[in-house]
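Structure data follow from start22.txt (compact mmCIF, C-alpha atoms):
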```txt
# COMPACT_ATOMS: atom_id res chain seq x y z
CA MET A 2 184.70 23.53 101.54
CA ARG A 3 186.23 20.75 99.49
CA ALA A 4 188.87 21.79 96.98
CA TYR A 5 190.71 19.69 94.41
CA PHE A 6 194.45 20.35 93.94
CA ASP A 7 195.38 17.08 92.21
CA HIS A 8 194.74 17.81 88.53
CA ASN A 9 197.93 16.06 87.39
CA ALA A 10 196.37 12.80 88.60
CA THR A 11 193.13 13.40 86.72
CA THR A 12 190.75 16.22 85.91
CA PRO A 13 186.97 16.49 86.30
CA PRO A 14 185.26 15.97 82.94
CA ASP A 15 183.77 19.10 81.45
CA PRO A 16 179.93 19.13 81.33
CA GLN A 17 180.08 19.33 77.52
CA VAL A 18 182.29 16.23 77.52
CA ILE A 19 179.85 14.34 79.72
CA GLU A 20 176.99 15.27 77.40
CA ALA A 21 178.96 14.17 74.32
CA VAL A 22 179.76 10.79 75.89
CA ALA A 23 176.16 10.25 77.00
CA ARG A 24 174.80 11.27 73.60
CA ALA A 25 177.16 8.90 71.79
CA LEU A 26 176.27 6.01 74.09
CA ARG A 27 172.59 6.68 73.60
CA ASP A 28 172.35 7.60 69.93
CA GLU A 29 175.50 6.47 68.11
CA PHE A 30 175.83 2.79 69.02
CA GLY A 31 176.99 1.67 65.57
CA ASN A 32 180.32 -0.01 64.92
CA PRO A 33 182.49 2.54 63.09
CA SER A 34 183.85 -0.23 60.85
CA SER A 35 180.36 -1.02 59.54
CA VAL A 36 179.46 0.40 56.12
CA HIS A 37 175.77 0.98 56.86
CA HIS A 38 174.14 4.16 58.15
CA PHE A 39 174.65 3.44 61.87
CA GLY A 40 178.28 2.53 61.40
CA GLN A 41 179.04 5.60 59.33
CA ARG A 42 177.45 7.89 61.92
CA ALA A 43 179.79 6.39 64.53
CA LYS A 44 182.74 6.76 62.15
CA ALA A 45 181.87 10.42 61.68
CA LEU A 46 182.27 10.92 65.44
CA LEU A 47 185.73 9.34 65.29
CA ASP A 48 186.70 11.52 62.34
CA ASP A 49 185.54 14.66 64.10
CA ALA A 50 187.43 13.76 67.29
CA ARG A 51 190.55 12.86 65.31
CA SER A 52 190.50 16.29 63.70
CA ALA A 53 190.06 18.00 67.07
CA VAL A 54 192.96 16.12 68.66
CA ALA A 55 195.15 16.82 65.63
CA GLU A 56 194.33 20.52 65.76
CA LEU A 57 195.23 20.65 69.46
CA ILE A 58 198.80 19.47 68.74
CA GLY A 59 199.38 20.92 65.27
CA ALA A 60 199.11 17.57 63.49
CA GLU A 61 197.22 16.00 60.61
CA PRO A 62 194.19 13.86 61.51
CA GLY A 63 195.57 10.80 59.72
CA GLU A 64 198.57 10.78 62.05
CA VAL A 65 196.46 10.33 65.21
CA VAL A 66 196.00 6.80 66.58
CA PHE A 67 193.40 6.42 69.31
CA THR A 68 194.36 4.29 72.32
CA SER A 69 192.96 3.44 75.74
CA GLY A 70 195.12 6.13 77.38
CA GLY A 71 198.63 7.39 77.94
CA THR A 72 200.09 4.10 79.15
CA GLU A 73 199.00 2.20 76.06
CA ALA A 74 200.21 5.02 73.81
CA ASP A 75 203.62 4.97 75.52
CA ASN A 76 203.80 1.20 75.09
CA MET A 77 202.75 1.45 71.46
CA ALA A 78 205.40 4.07 70.80
CA LEU A 79 208.32 2.21 72.39
CA ARG A 80 207.36 -1.38 71.63
CA GLY A 81 206.11 -0.53 68.14
CA ALA A 82 209.25 1.41 67.28
CA ALA A 83 211.40 -1.35 68.79
CA GLU A 84 209.69 -4.02 66.67
CA ALA A 85 210.38 -1.94 63.58
CA ALA A 86 214.00 -1.27 64.58
CA GLU A 87 214.74 -4.94 65.22
CA ILE A 88 214.64 -5.54 61.49
CA GLY A 89 218.04 -3.80 61.50
CA ALA A 90 220.92 -3.98 63.95
CA ARG A 91 219.99 -1.14 66.29
CA ARG A 92 218.89 -2.18 69.77
CA HIS A 93 219.74 0.70 72.08
CA ILE A 94 217.14 2.92 73.75
CA ILE A 95 217.67 6.08 75.78
CA THR A 96 215.26 7.65 78.24
CA SER A 97 215.50 9.79 81.38
CA SER A 98 215.50 8.76 85.02
CA ILE A 99 212.42 10.89 85.76
CA GLU A 100 210.02 9.37 83.24
CA HIS A 101 206.59 8.01 84.07
CA GLU A 102 206.52 4.31 84.96
CA ALA A 103 204.77 3.60 81.66
CA ILE A 104 208.08 4.45 79.97
CA LEU A 105 210.53 3.13 82.57
CA ASN A 106 208.85 -0.27 82.89
CA THR A 107 208.50 -0.62 79.13
CA VAL A 108 212.21 0.07 78.73
CA LYS A 109 212.91 -2.60 81.36
CA ALA A 110 210.76 -5.04 79.39
CA LEU A 111 212.72 -4.29 76.22
CA THR A 112 216.02 -5.00 77.97
CA LYS A 113 214.74 -8.49 78.70
CA ARG A 114 214.44 -8.92 74.94
CA GLY A 115 218.08 -8.07 74.36
CA TRP A 116 217.93 -4.29 74.13
CA THR A 117 220.47 -2.13 75.92
CA SER A 118 219.29 1.02 77.65
CA THR A 119 220.70 4.26 79.02
CA LEU A 120 219.03 6.42 81.67
CA LEU A 121 219.85 10.10 81.40
CA HIS A 122 220.43 11.61 84.84
CA VAL A 123 219.20 15.01 85.96
CA ASP A 124 220.37 17.40 88.64
CA ALA A 125 218.24 19.20 91.22
CA SER A 126 216.61 21.24 88.45
CA GLY A 127 214.87 18.15 87.09
CA ILE A 128 215.82 19.08 83.52
CA VAL A 129 217.55 16.82 81.02
CA ALA A 130 220.67 18.47 79.58
CA PRO A 131 221.04 18.16 75.80
CA ALA A 132 224.77 17.56 76.33
CA ALA A 133 223.92 14.48 78.40
CA LEU A 134 221.89 13.04 75.54
CA ALA A 135 224.59 13.83 72.99
CA ALA A 136 227.15 11.98 75.13
CA ALA A 137 224.88 8.93 75.44
CA MET A 138 224.02 8.60 71.75
CA THR A 139 225.67 5.85 69.69
CA ARG A 140 225.18 4.48 66.20
CA GLU A 141 223.24 1.64 67.84
CA THR A 142 220.67 4.00 69.34
CA ALA A 143 217.28 3.44 67.73
CA ILE A 144 214.88 5.23 70.09
CA VAL A 145 215.03 8.19 72.47
CA SER A 146 212.09 8.95 74.77
CA VAL A 147 211.99 11.99 77.04
CA MET A 148 208.80 13.39 78.56
CA HIS A 149 207.70 16.90 77.65
CA ALA A 150 206.62 17.94 81.16
CA ASN A 151 207.22 16.03 84.35
CA ASN A 152 204.12 14.84 86.18
CA GLU A 153 205.52 15.43 89.68
CA ILE A 154 207.50 18.67 89.50
CA GLY A 155 206.14 20.19 86.28
CA THR A 156 209.49 20.97 84.65
CA ILE A 157 209.45 21.33 80.86
CA GLN A 158 212.19 19.58 78.93
CA PRO A 159 214.04 21.10 75.92
CA ILE A 160 212.39 18.63 73.58
CA ALA A 161 213.21 20.36 70.30
CA ASP A 162 216.93 20.36 71.14
CA LEU A 163 216.85 16.75 72.32
CA ALA A 164 214.96 15.57 69.25
CA ALA A 165 217.46 17.28 66.96
CA ILE A 166 220.33 15.42 68.64
CA ALA A 167 218.53 12.08 68.30
CA HIS A 168 217.91 12.70 64.61
CA GLU A 169 221.59 13.48 64.00
CA PHE A 170 222.26 9.85 64.90
CA GLY A 171 219.33 8.51 62.89
CA ALA A 172 217.23 7.63 65.97
CA ILE A 173 213.53 8.33 66.34
CA PHE A 174 212.29 10.54 69.17
CA HIS A 175 209.22 10.00 71.33
CA THR A 176 207.87 12.36 73.95
CA ASP A 177 205.25 11.65 76.59
CA ALA A 178 203.24 14.88 76.50
CA VAL A 179 200.48 13.69 78.82
CA GLN A 180 201.24 16.46 81.33
CA SER A 181 201.86 19.27 78.83
CA VAL A 182 199.01 19.03 76.32
CA SER A 183 196.36 21.63 77.27
CA LYS A 184 198.64 23.34 79.83
CA ILE A 185 201.07 24.89 77.36
CA PRO A 186 201.01 25.17 73.56
CA VAL A 187 202.12 21.87 72.02
CA ASP A 188 202.98 21.70 68.33
CA VAL A 189 204.48 18.45 67.06
CA ARG A 190 206.17 20.15 64.10
CA ARG A 191 207.91 22.75 66.25
CA LEU A 192 208.98 20.11 68.76
CA GLY A 193 210.47 18.07 65.93
CA VAL A 194 209.42 14.75 67.46
CA ASP A 195 208.37 11.55 65.69
CA LEU A 196 205.94 10.16 68.26
CA LEU A 197 203.89 11.94 70.93
CA THR A 198 201.60 10.59 73.66
CA LEU A 199 198.56 12.32 75.15
CA SER A 200 195.70 11.32 77.44
CA ALA A 201 192.16 12.74 77.53
CA HIS A 202 191.53 12.61 81.26
CA LYS A 203 194.38 15.04 81.86
CA PHE A 204 192.46 17.78 80.02
CA ASN A 205 188.91 17.31 81.30
CA GLY A 206 188.10 14.41 79.01
CA PRO A 207 186.98 10.87 79.84
CA LYS A 208 189.27 8.23 81.29
CA GLY A 209 190.13 5.29 79.08
CA THR A 210 190.90 7.38 75.99
CA GLY A 211 194.20 8.66 74.69
CA ALA A 212 196.19 8.94 71.50
CA LEU A 213 199.58 8.40 69.95
CA TRP A 214 200.63 10.84 67.28
CA VAL A 215 202.78 9.12 64.66
CA ARG A 216 204.66 11.22 62.13
CA ARG A 217 203.83 9.90 58.66
CA SER A 218 207.41 8.86 57.92
CA THR A 219 207.83 6.99 61.22
CA ARG A 220 207.70 3.21 61.12
CA ILE A 221 206.10 1.37 64.03
CA VAL A 222 204.73 -2.15 64.22
CA SER A 223 201.25 -2.59 65.69
CA THR A 224 201.35 -3.97 69.21
CA MET A 225 197.59 -4.62 69.30
CA THR A 226 196.92 -7.13 66.56
CA GLY A 227 193.47 -7.86 65.25
CA GLY A 228 191.40 -6.13 62.61
CA LYS A 229 192.38 -3.23 60.39
CA HIS A 230 191.23 -0.55 62.80
CA GLU A 231 193.05 2.78 63.09
CA ARG A 232 194.61 2.26 59.64
CA ASN A 233 196.11 -1.08 60.69
CA ARG A 234 197.89 0.51 63.64
CA ARG A 235 195.72 -0.74 66.51
CA GLY A 236 193.33 -3.65 66.29
CA GLY A 237 190.02 -3.54 68.16
CA THR A 238 186.72 -1.67 67.91
CA GLU A 239 187.24 1.92 68.98
CA ASN A 240 185.71 3.36 72.14
CA VAL A 241 183.37 5.63 70.19
CA ALA A 242 181.71 7.34 73.14
CA GLY A 243 184.96 7.98 74.98
CA ILE A 244 186.67 9.25 71.84
CA ALA A 245 183.73 11.55 71.11
CA GLY A 246 184.21 13.02 74.58
CA MET A 247 187.94 13.31 73.99
CA GLY A 248 187.27 15.30 70.81
CA VAL A 249 185.09 17.77 72.68
CA ALA A 250 187.71 18.05 75.44
CA ALA A 251 190.43 18.70 72.86
CA ARG A 252 188.45 21.52 71.23
CA LEU A 253 187.68 23.10 74.59
CA ALA A 254 191.33 22.81 75.65
CA LYS A 255 192.50 24.64 72.54
CA GLN A 256 189.88 27.36 72.96
CA LYS A 257 190.66 27.96 76.64
CA LEU A 258 194.45 27.61 76.66
CA ALA A 259 195.19 31.30 76.14
CA THR A 260 193.00 32.36 79.06
CA ASP A 261 193.12 29.41 81.47
CA ALA A 262 196.91 28.91 81.60
CA PRO A 263 197.78 32.47 82.74
CA ARG A 264 194.97 32.50 85.34
CA ILE A 265 196.03 29.13 86.75
CA ALA A 266 199.68 30.23 86.81
CA VAL A 267 198.73 33.24 88.96
CA LEU A 268 196.89 30.96 91.39
CA ARG A 269 199.79 28.50 91.50
CA ASP A 270 202.28 31.28 92.22
CA ARG A 271 199.98 32.76 94.86
CA LEU A 272 199.80 29.39 96.61
CA GLU A 273 203.50 28.64 96.27
CA GLN A 274 204.73 32.01 97.47
CA ALA A 275 202.38 32.02 100.44
CA ILE A 276 203.49 28.55 101.54
CA LEU A 277 207.16 29.52 101.33
CA ALA A 278 206.49 32.73 103.27
CA ARG A 279 204.18 31.36 105.96
CA VAL A 280 205.44 27.83 106.57
CA PRO A 281 209.04 27.59 107.81
CA GLY A 282 211.24 24.83 106.44
CA THR A 283 209.66 24.64 103.00
CA ALA A 284 211.33 24.55 99.58
CA VAL A 285 210.22 24.11 95.97
CA ASN A 286 211.52 20.97 94.27
CA GLY A 287 212.83 21.37 90.75
CA ALA A 288 213.38 24.37 88.55
CA ILE A 289 211.02 27.30 88.95
CA ASP A 290 211.23 27.88 85.21
CA PRO A 291 210.42 26.41 82.76
CA ARG A 292 207.42 24.69 84.35
CA VAL A 293 203.85 24.00 83.33
CA PRO A 294 201.70 26.74 84.87
CA ASN A 295 199.65 24.57 87.21
CA THR A 296 202.22 22.56 89.19
CA THR A 297 204.33 23.09 92.28
CA ASN A 298 206.09 20.41 94.34
CA ILE A 299 207.07 21.54 97.84
CA SER A 300 208.96 19.78 100.61
CA PHE A 301 207.91 20.35 104.23
CA GLU A 302 210.82 19.77 106.59
CA GLY A 303 210.03 17.50 109.53
CA VAL A 304 206.72 16.25 108.12
CA GLU A 305 205.94 12.90 106.52
CA ALA A 306 204.25 13.56 103.17
CA GLU A 307 201.64 10.84 103.62
CA SER A 308 200.60 12.27 106.99
CA LEU A 309 200.28 15.75 105.53
CA LEU A 310 198.25 14.46 102.59
CA ILE A 311 195.80 12.72 104.95
CA ALA A 312 195.59 15.73 107.27
CA LEU A 313 194.81 18.05 104.36
CA ASP A 314 192.22 15.63 103.02
CA LEU A 315 190.48 15.69 106.39
CA GLU A 316 190.42 19.49 106.10
CA GLY A 317 188.85 19.19 102.64
CA TYR A 318 191.85 19.62 100.32
CA ALA A 319 192.95 16.97 97.81
CA VAL A 320 196.69 16.97 97.10
CA SER A 321 199.24 14.32 96.15
CA THR A 322 202.63 12.93 97.13
CA GLY A 323 203.51 12.27 93.48
CA SER A 324 202.32 10.16 90.58
CA ALA A 325 198.87 8.65 91.08
CA CYS A 326 200.14 5.53 89.30
CA SER A 327 202.61 5.00 92.15
CA SER A 328 200.17 5.52 95.02
CA GLY A 329 200.12 2.91 97.75
CA THR A 330 203.86 2.39 97.71
CA LEU A 331 206.03 3.31 100.69
CA GLU A 332 208.94 4.11 98.41
CA PRO A 333 209.84 7.80 98.02
CA SER A 334 209.33 9.44 94.63
CA HIS A 335 211.74 8.10 92.03
CA VAL A 336 211.68 11.54 90.40
CA LEU A 337 212.87 13.35 93.51
CA ARG A 338 215.47 10.65 94.19
CA ALA A 339 216.75 10.93 90.62
CA MET A 340 217.19 14.67 91.19
CA GLY A 341 219.58 13.88 94.05
CA LEU A 342 217.43 15.32 96.82
CA PRO A 343 218.20 14.05 100.35
CA SER A 344 215.86 11.41 101.73
CA HIS A 345 214.23 13.76 104.23
CA ARG A 346 213.04 15.92 101.32
CA THR A 347 211.92 13.06 99.09
CA GLN A 348 209.78 11.77 101.95
CA SER A 349 208.26 15.12 102.90
CA SER A 350 207.16 16.49 99.53
CA ILE A 351 203.65 17.34 98.37
CA ARG A 352 202.50 18.08 94.83
CA PHE A 353 199.86 20.75 94.32
CA SER A 354 198.45 20.69 90.78
CA LEU A 355 195.74 23.20 89.92
CA GLY A 356 193.11 23.22 87.21
CA ALA A 357 190.27 25.15 85.63
CA GLY A 358 187.97 24.72 88.62
CA ASN A 359 190.30 26.24 91.20
CA THR A 360 189.56 29.73 92.52
CA GLU A 361 191.27 32.41 94.61
CA GLU A 362 188.91 31.54 97.45
CA GLN A 363 190.08 27.91 97.42
CA VAL A 364 193.74 28.88 97.29
CA ASP A 365 193.38 31.39 100.11
CA SER A 366 191.45 28.88 102.19
CA LEU A 367 194.21 26.30 101.78
CA ILE A 368 196.85 28.89 102.63
CA ALA A 369 194.94 29.82 105.79
CA LYS A 370 194.71 26.21 107.00
CA LEU A 371 198.10 24.83 105.95
CA PRO A 372 200.47 26.46 108.50
CA ALA A 373 198.51 25.13 111.48
CA VAL A 374 198.24 21.65 109.94
CA VAL A 375 202.00 21.49 109.35
CA SER A 376 202.78 22.86 112.81
CA LYS A 377 200.58 20.24 114.45
CA LEU A 378 202.23 17.40 112.52
CA ARG A 379 205.68 18.66 113.43
CA THR A 380 204.68 18.77 117.10
CA LEU A 381 203.52 15.15 116.92
CA VAL A 382 206.82 14.09 115.32
CA ARG A 383 208.86 15.82 118.04
CA ARG A 384 206.92 13.93 120.70
```
Could you render the structure from this file as structure tokens?
Amino acid sequence: MRAYFDHNATTPPDPQVIEAVARALRDEFGNPSSVHHFGQRAKALLDDARSAVAELIGAEPGEVVFTSGGTEADNMALRGAAEAAEIGARRHIITSSIEHEAILNTVKALTKRGWTSTLLHVDASGIVAPAALAAAMTRETAIVSVMHANNEIGTIQPIADLAAIAHEFGAIFHTDAVQSVSKIPVDVRRLGVDLLTLSAHKFNGPKGTGALWVRRSTRIVSTMTGGKHERNRRGGTENVAGIAGMGVAARLAKQKLATDAPRIAVLRDRLEQAILARVPGTAVNGAIDPRVPNTTNISFEGVEAESLLIALDLEGYAVSTGSACSSGTLEPSHVLRAMGLPSHRTQSSIRFSLGAGNTEEQVDSLIAKLPAVVSKLRTLVRR
């Protein structure tokens, strides 16, 4: 048996998504900016996908800007908002210490342009306290960016409260919702945000497609200059086939959310509770609640995470030590370090992230194999 428990890294595309992409590549090759028949057929695919993505997050289609993925959307949000803010005197940006590198490295880049930045710290819960944001806000603050759900530990941030605080000071609020869209209900109006990032391959869509939602009243400057694509907000011919697949994935995600999320949560809890009960020296990292329903991050005392990952892969189970974008580095997770966990826990933690394809049989099989794998690794360490 091979079982995939790394859905926060990427998800397998749904068969209907694959068919939509193939059909668009084969039949709808027109440039959506062309006014003739072939171009307008391609444009219709974009319009349909834009409506589907908007419906998934409670937005209007005209507010959705298609991008190449979450990283570009994050960059567009922060750099675009910064360009617009620089017209005035505000040059302060606030984010959290547990953000994805797409945010943290973009903030670093802005500081090289003269911006000042503040990183909001978290405790062992992995949740940003609204009081911490309120204390960090100044009249110079132009942008606040806090992720909706963390990619490593799954904790859900109090975005509506944080956005309200940012708005009190006249700042705009962005949230990276890459890890929450399709796992929990996401409504941009209820969250009260101004900018929101999502990525198709996190909800069974194709890689290389994503979107930035931009509230109509929010000013951003295009960071991809060129033609007048995406209503002058992102130059470049759109990835029609990928976006068509993203639209199908968005519709499927909305249809299945009410049934898939509770089922996956039961599987996650079954796995988590069994590991804690059957493997000594284990602990869950981050708050148990609120979390997205598919994610658990567990430390295994006396075991190097990389060794455990490889051992489980040899047994047929795909798991992760953290963000896929940080793989290959020997550094411990910046998220777990920011939470103040001791080094032995940051270096011995595994993320299990479940998805629609996981079954009770897969979970029970992993549970049956895991104790012996961990015990063997601990024996090797003691030697």
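Closest to A:Ala288 among A:Glu56, A:Glu153, A:His101, A:Ile19 is A:Glu153, based on only C-alpha atoms.
The neighbours of A:Gly31 here are the residues that come within 12 Å of it, using only C-alpha atoms and leaving out any residue fewer than 4 positions away in the same chain; they are Ala25, Leu26, Arg27, Ser35, Val36, His37, His38, Phe39, Gly40, Gln41, Arg42, Ala43, Lys44, Ala45, Leu46, Leu47, Thr238, Glu239, Asn240, Val241 and Ala242 of chain A.
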request  = Name the residues in contact with A:His8 at a cut-off of 7 Å, using only C-alpha atoms, excluding same-chain residues fewer than 3 positions from it; report them as number ranges by chain.
outcome  = A: 11-12, 354-356
task = Counting all atoms listed in the file, select every polymer residue within 9 Å of (200.2, 14.9, 62.5) as defined in the file's coordinates, and provide the selection as a ChimeraX atom specification.
result = /A:55-56,58-65,189-190,214-217
request  = Rank A:Ser126, A:Asn205, A:Ser183, A:Thr176 by their smallest atom-to-atom distance to A:Ala262, using all atoms listed in the file, and report the top residue only.
outcome  =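 Looking at the shortest contact to A:Ala262, the residue is A:Ser183.
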How close does stretch 270-358 of chain A get to stretch 144-151 of chain A? List, as a Markdown table, each residue of stretch 270-358 of chain A within 10 Å, its nearest atom pair and the distance in Å to one decimal, counting only C-alpha atoms.
```
| residue | atom | partner | partner_atom | distance |
| --- | --- | --- | --- | --- |
| A:Pro291 | CA | A:Ala150 | CA | 9.4 |
| A:Arg292 | CA | A:Ala150 | CA | 7.5 |
| A:Val293 | CA | A:Ala150 | CA | 7.0 |
| A:Thr296 | CA | A:Asn151 | CA | 9.5 |
| A:Ser324 | CA | A:Asn151 | CA | 9.9 |
| A:Val336 | CA | A:Asn151 | CA | 8.8 |
```
request  = May I have the residues within 10 Å of A:Asp75 as a list in words, using all atoms listed in the file and disregarding those fewer than 6 positions away in the same chain?
outcome  =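 Answer for this query is Thr68, Gly81, His101, Glu102, Ala103, Ile104, Thr107, Ser146, His175, Thr176, Asp177, Ala178, Val179, Leu196, Leu197, Thr198, Leu199, Ala212 and Leu213 of chain A.
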Mind writing the picked residues with C-alpha atoms as a PDB file, keeping the file's coordinate frame?
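Final output, saved to result32.pdb:
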```pdb
ATOM      1  CA  THR A  68     194.360   4.290  72.320  1.00  0.00           C
ATOM      2  CA  GLY A  81     206.110  -0.530  68.140  1.00  0.00           C
ATOM      3  CA  HIS A 101     206.590   8.010  84.070  1.00  0.00           C
ATOM      4  CA  GLU A 102     206.520   4.310  84.960  1.00  0.00           C
ATOM      5  CA  ALA A 103     204.770   3.600  81.660  1.00  0.00           C
ATOM      6  CA  ILE A 104     208.080   4.450  79.970  1.00  0.00           C
ATOM      7  CA  THR A 107     208.500  -0.620  79.130  1.00  0.00           C
ATOM      8  CA  SER A 146     212.090   8.950  74.770  1.00  0.00           C
ATOM      9  CA  HIS A 175     209.220  10.000  71.330  1.00  0.00           C
ATOM     10  CA  THR A 176     207.870  12.360  73.950  1.00  0.00           C
ATOM     11  CA  ASP A 177     205.250  11.650  76.590  1.00  0.00           C
ATOM     12  CA  ALA A 178     203.240  14.880  76.500  1.00  0.00           C
ATOM     13  CA  VAL A 179     200.480  13.690  78.820  1.00  0.00           C
ATOM     14  CA  LEU A 196     205.940  10.160  68.260  1.00  0.00           C
ATOM     15  CA  LEU A 197     203.890  11.940  70.930  1.00  0.00           C
ATOM     16  CA  THR A 198     201.600  10.590  73.660  1.00  0.00           C
ATOM     17  CA  LEU A 199     198.560  12.320  75.150  1.00  0.00           C
ATOM     18  CA  ALA A 212     196.190   8.940  71.500  1.00  0.00           C
ATOM     19  CA  LEU A 213     199.580   8.400  69.950  1.00  0.00           C
TER      20      LEU A 213
END
```
inquiry  = Using all atoms listed in the file for the distances, tell me which of A:Val280, A:Val374, A:Ala167, A:Ile128 is nearest to A:Leu337.
reply    =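 Closest to A:Leu337 of all the choices is A:Ile128.
In this structure, atom CA of A:Leu272 sits 17.7 Å away from atom CA of A:Ser349.
The two atoms in question, atom CA of A:Leu277 and atom CA of A:Met2, are spaced 23.2 Å apart.
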Can you report as AutoDock Vina command-line options the centre and edge lengths in Å, to one decimal, of an axis-aligned box around the listed atoms of stretch 159-169 of chain A padded with 4 Å on each side?
```
--center_x 217.0 --center_y 16.6 --center_z 70.0 --size_x 17.2 --size_y 17.0 --size_z 19.9
```
Shell around A:His345 at 10 Å using all atoms listed in the file, local window under 2 positions removed, as a list in words =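 Skipping anything fewer than 2 positions along the chain leaves Ser300, Phe301, Glu302, Gly303, Val304, Glu305, Pro333, Leu342, Pro343, Thr347, Gln348, Ser349 and Ser350 of chain A.
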